[in-house]
Amino acid sequence: MLFPEPDRQSKSFGSRSRTKIHRDIHARNTPNRTAGNSEGSRAMHEDNPAGPDRLPRPRTVVLSIPADREQVVLVRSVAGHIAARLGLSVADLTDLRLAVDEACGLFLLAPGFGVSGELLECRFEEQPASLTVTVSAPAATSVEPDVDDIGWIMLSALVDELTWKAEHDVATLTLVKHLTVRSS
Amino acid sequence: MTGNTEAGTGRPDLAVDRPSETAAGQQYSGQQGSISYDHEYKGIAPMDRFAVSVGDSGQGRYVVTVRGELDLATSDRLWIELEPLLAPQTVVVLDGTEISFLDSSGLRVLLQANNRATSGGAEFRLVAPQQAVQRVLELAGTGDHLQTRDTVDEALTG
């Protein structure tokens, strides 16, 4: 069947609602800041898309979510805020939110994924000319992209580079979005 | 009524149980309609970010209104509402003008509804001209598979 029925067997894990967000700014780019005051100046610039150049680079944001479809809204939200801060156009921001949603869906819709309480890790790495989003999880036997699936087709069209890798018991999906200066 | 009906079983007689005077846009709470899915979602907080309601427009025509985010967490709930409506001779219009986010899981349900309609002698029409939906149809290359209309009135008349 070209478009299989949604898997209604999968259940959410409402009780396992642990969500961990942590941010890692490379120390070498902030030599004169102590942990205390860097927190304040970071917060000040975070919501200021107009001044991204003042932020230290490279920067990495890591979000781990339980293997629960309801949690994907958090990943979309983080992706949207990062895109806004990078000054992406509304169209690119929307595409990025959709891309991370599809990337997470690849794992979360795989039969049996999450039954052992796996966490799905989403890593956003901002580079000067690109944004790399890496979604990874302990390799479930059944997680593998189906290149004929509409989710994968959409994902391929949404990002500039797309890589799937499964090794050392970890499955990793890497998306790269090239950043262009907004012309308007 | 059949408040404890197991949703999603594909029983064709479900459409017969549907109240005929349901106001358009009225929301199923699980008590007033014939199809309840509350029992399946107990323990999960009701999600404001997604709502689906079914309105009966008479003569076997139904308007299914979807608001909010139709994604991998919510698309099953749409299918539960859509499936029993897609009986022979019915026209099902999906009013998705207030869909704010759509992903491949949501699109799969729309395509599945379309397939079911095509094979079962029903009509399934989509009203969702906004970018959030059109972008996904374009990316997936599936726009031609779905019948789309600009307005609900157009979709109901043909």
# chains A, B, ... in the order shown; residues from 1 in each chain; ligands from 1
$ residues_around --residues "region 138-146 of chain B" --least-positions-apart "6" --cutoff "8 Å" --atoms "only C-alpha atoms" --output "ChimeraX atom specification"
/A:150-151,153-154,157-158 /B:111,114,124-126
$ write_last_selection --atoms "C-alpha atoms" --output "short mmCIF file (atom, residue, chain, number, x, y, z; two decimals), in the first residue's frame"
data_model
loop_
_atom_site.label_atom_id
_atom_site.label_comp_id
_atom_site.auth_asym_id
_atom_site.auth_seq_id
_atom_site.Cartn_x
_atom_site.Cartn_y
_atom_site.Cartn_z
CA ILE A 150 6.25 10.80 1.99
CA GLY A 151 7.92 11.81 5.25
CA ILE A 153 10.47 12.68 0.49
CA MET A 154 9.42 15.86 2.30
CA ALA A 157 13.07 18.53 -0.09
CA LEU A 158 13.22 20.62 3.08
CA LEU B 111 -4.58 10.68 1.48
CA ASN B 114 -9.14 10.10 -0.20
CA PHE B 124 -13.53 13.57 -0.11
CA ARG B 125 -12.70 17.22 -0.65
CA LEU B 126 -10.16 19.41 1.07
#
$ residues_around --residues "Val93 (chain B)" --least-positions-apart "6" --cutoff "8 Å" --atoms "only C-alpha atoms" --output "VMD selection string"
chain B and resid 61 to 64 124 to 127 152 155 to 156
$ write_last_selection --atoms "N, CA and C atoms" --output "mmCIF file, in the first residue's frame"
data_model
loop_
_atom_site.group_PDB
_atom_site.id
_atom_site.type_symbol
_atom_site.label_atom_id
_atom_site.label_comp_id
_atom_site.auth_asym_id
_atom_site.auth_seq_id
_atom_site.Cartn_x
_atom_site.Cartn_y
_atom_site.Cartn_z
ATOM 1 N N ARG B 61 -23.984 14.747 3.381
ATOM 2 C CA ARG B 61 -22.803 15.605 3.268
ATOM 3 C C ARG B 61 -22.338 16.023 4.674
ATOM 4 N N TYR B 62 -21.060 15.887 4.904
ATOM 5 C CA TYR B 62 -20.507 16.213 6.222
ATOM 6 C C TYR B 62 -19.345 17.188 6.066
ATOM 7 N N VAL B 63 -19.256 18.103 7.007
ATOM 8 C CA VAL B 63 -18.103 19.005 7.050
ATOM 9 C C VAL B 63 -17.299 18.680 8.301
ATOM 10 N N VAL B 64 -16.078 18.247 8.098
ATOM 11 C CA VAL B 64 -15.184 17.948 9.215
ATOM 12 C C VAL B 64 -14.239 19.138 9.359
ATOM 13 N N PHE B 124 -14.286 12.899 -1.165
ATOM 14 C CA PHE B 124 -13.532 13.572 -0.107
ATOM 15 C C PHE B 124 -12.892 14.813 -0.709
ATOM 16 N N ARG B 125 -13.224 15.964 -0.120
ATOM 17 C CA ARG B 125 -12.700 17.223 -0.653
ATOM 18 C C ARG B 125 -12.046 18.035 0.461
ATOM 19 N N LEU B 126 -10.950 18.655 0.102
ATOM 20 C CA LEU B 126 -10.157 19.413 1.073
ATOM 21 C C LEU B 126 -10.273 20.904 0.799
ATOM 22 N N VAL B 127 -10.516 21.658 1.860
ATOM 23 C CA VAL B 127 -10.509 23.123 1.762
ATOM 24 C C VAL B 127 -9.416 23.626 2.690
ATOM 25 N N VAL B 152 -15.664 26.100 1.607
ATOM 26 C CA VAL B 152 -16.500 24.976 2.037
ATOM 27 C C VAL B 152 -17.768 24.905 1.191
ATOM 28 N N ALA B 155 -17.037 23.284 -1.988
ATOM 29 C CA ALA B 155 -16.765 21.855 -1.788
ATOM 30 C C ALA B 155 -18.046 21.064 -1.577
ATOM 31 N N LEU B 156 -19.031 21.695 -0.941
ATOM 32 C CA LEU B 156 -20.285 20.998 -0.678
ATOM 33 C C LEU B 156 -21.133 20.861 -1.936
#
$ closest_residue --among "A:Leu93, A:Ala83, A:Cys104, A:Leu98" --to "Gln71 (chain A)" --atoms "only C-alpha atoms"
A:Cys104
$ residues_around --residues "Gly120 (chain B)" --least-positions-apart "6" --cutoff "10 Å" --atoms "only C-alpha atoms" --output "PyMOL selection string"
chain B and resi 86-90+114
$ interface_residues --of "chain B" --to "chain A" --cutoff "10 Å" --atoms "only C-alpha atoms" --output "PDB file with C-alpha atoms, in the first residue's frame"
ATOM      1  CA  GLY B   8     -11.624   3.146  14.082  1.00  0.00           C
ATOM      2  CA  TYR B  41      -7.393   9.256  25.561  1.00  0.00           C
ATOM      3  CA  GLY B  43      -4.950  10.116  31.207  1.00  0.00           C
ATOM      4  CA  ILE B  44      -3.723  12.500  28.533  1.00  0.00           C
ATOM      5  CA  ALA B  45      -4.597  16.134  29.047  1.00  0.00           C
ATOM      6  CA  MET B  47      -4.882  19.251  23.811  1.00  0.00           C
ATOM      7  CA  ARG B  49      -3.564  22.715  20.027  1.00  0.00           C
ATOM      8  CA  GLU B  69      -1.786  21.283  14.531  1.00  0.00           C
ATOM      9  CA  ASP B  71       0.741  16.156  13.232  1.00  0.00           C
ATOM     10  CA  LEU B  72       2.000  12.743  14.274  1.00  0.00           C
ATOM     11  CA  ALA B  73       0.413  13.089  17.704  1.00  0.00           C
ATOM     12  CA  THR B  74      -3.021  14.240  16.555  1.00  0.00           C
ATOM     13  CA  SER B  75      -3.607  12.706  13.111  1.00  0.00           C
ATOM     14  CA  ASP B  76      -5.047   9.465  14.495  1.00  0.00           C
ATOM     15  CA  ARG B  77      -7.799  11.472  16.127  1.00  0.00           C
ATOM     16  CA  TRP B  79      -8.900   9.434  11.179  1.00  0.00           C
ATOM     17  CA  PHE B 101       0.651  22.955  11.097  1.00  0.00           C
ATOM     18  CA  LEU B 102       0.583  19.858   8.932  1.00  0.00           C
ATOM     19  CA  ASP B 103       3.184  17.122   8.633  1.00  0.00           C
ATOM     20  CA  SER B 104       3.419  13.849   6.726  1.00  0.00           C
ATOM     21  CA  SER B 105       1.410  12.014   9.384  1.00  0.00           C
ATOM     22  CA  GLY B 106      -1.464  14.416   8.873  1.00  0.00           C
ATOM     23  CA  LEU B 107      -1.103  14.259   5.118  1.00  0.00           C
ATOM     24  CA  ARG B 108      -1.169  10.465   5.264  1.00  0.00           C
ATOM     25  CA  VAL B 109      -4.580  10.614   6.913  1.00  0.00           C
ATOM     26  CA  LEU B 111      -4.578  10.675   1.485  1.00  0.00           C
ATOM     27  CA  GLN B 112      -5.959   7.662   3.250  1.00  0.00           C
ATOM     28  CA  ALA B 113      -9.369   9.324   3.486  1.00  0.00           C
ATOM     29  CA  ASN B 115      -8.240   6.493  -1.025  1.00  0.00           C
ATOM     30  CA  GLN B 131       0.537  27.954   3.115  1.00  0.00           C
ATOM     31  CA  ALA B 132       0.835  25.568   6.071  1.00  0.00           C
ATOM     32  CA  ARG B 135       3.522  23.751   1.254  1.00  0.00           C
ATOM     33  CA  VAL B 136       3.222  20.176   2.484  1.00  0.00           C
ATOM     34  CA  LEU B 137       1.195  19.086  -0.555  1.00  0.00           C
ATOM     35  CA  GLU B 138       3.857  20.631  -2.747  1.00  0.00           C
ATOM     36  CA  LEU B 139       6.780  19.047  -0.879  1.00  0.00           C
ATOM     37  CA  ALA B 140       5.220  15.601  -0.900  1.00  0.00           C
ATOM     38  CA  GLY B 141       4.153  15.924  -4.534  1.00  0.00           C
ATOM     39  CA  THR B 142       0.715  14.650  -3.626  1.00  0.00           C
TER      40      THR B 142
END
$ select_by_dssp --residues "region 40-155 of chain B" --states "strand (DSSP E or B)" --output "ChimeraX atom specification"
/B:50-58,61-70,91-102,123-127,147-148
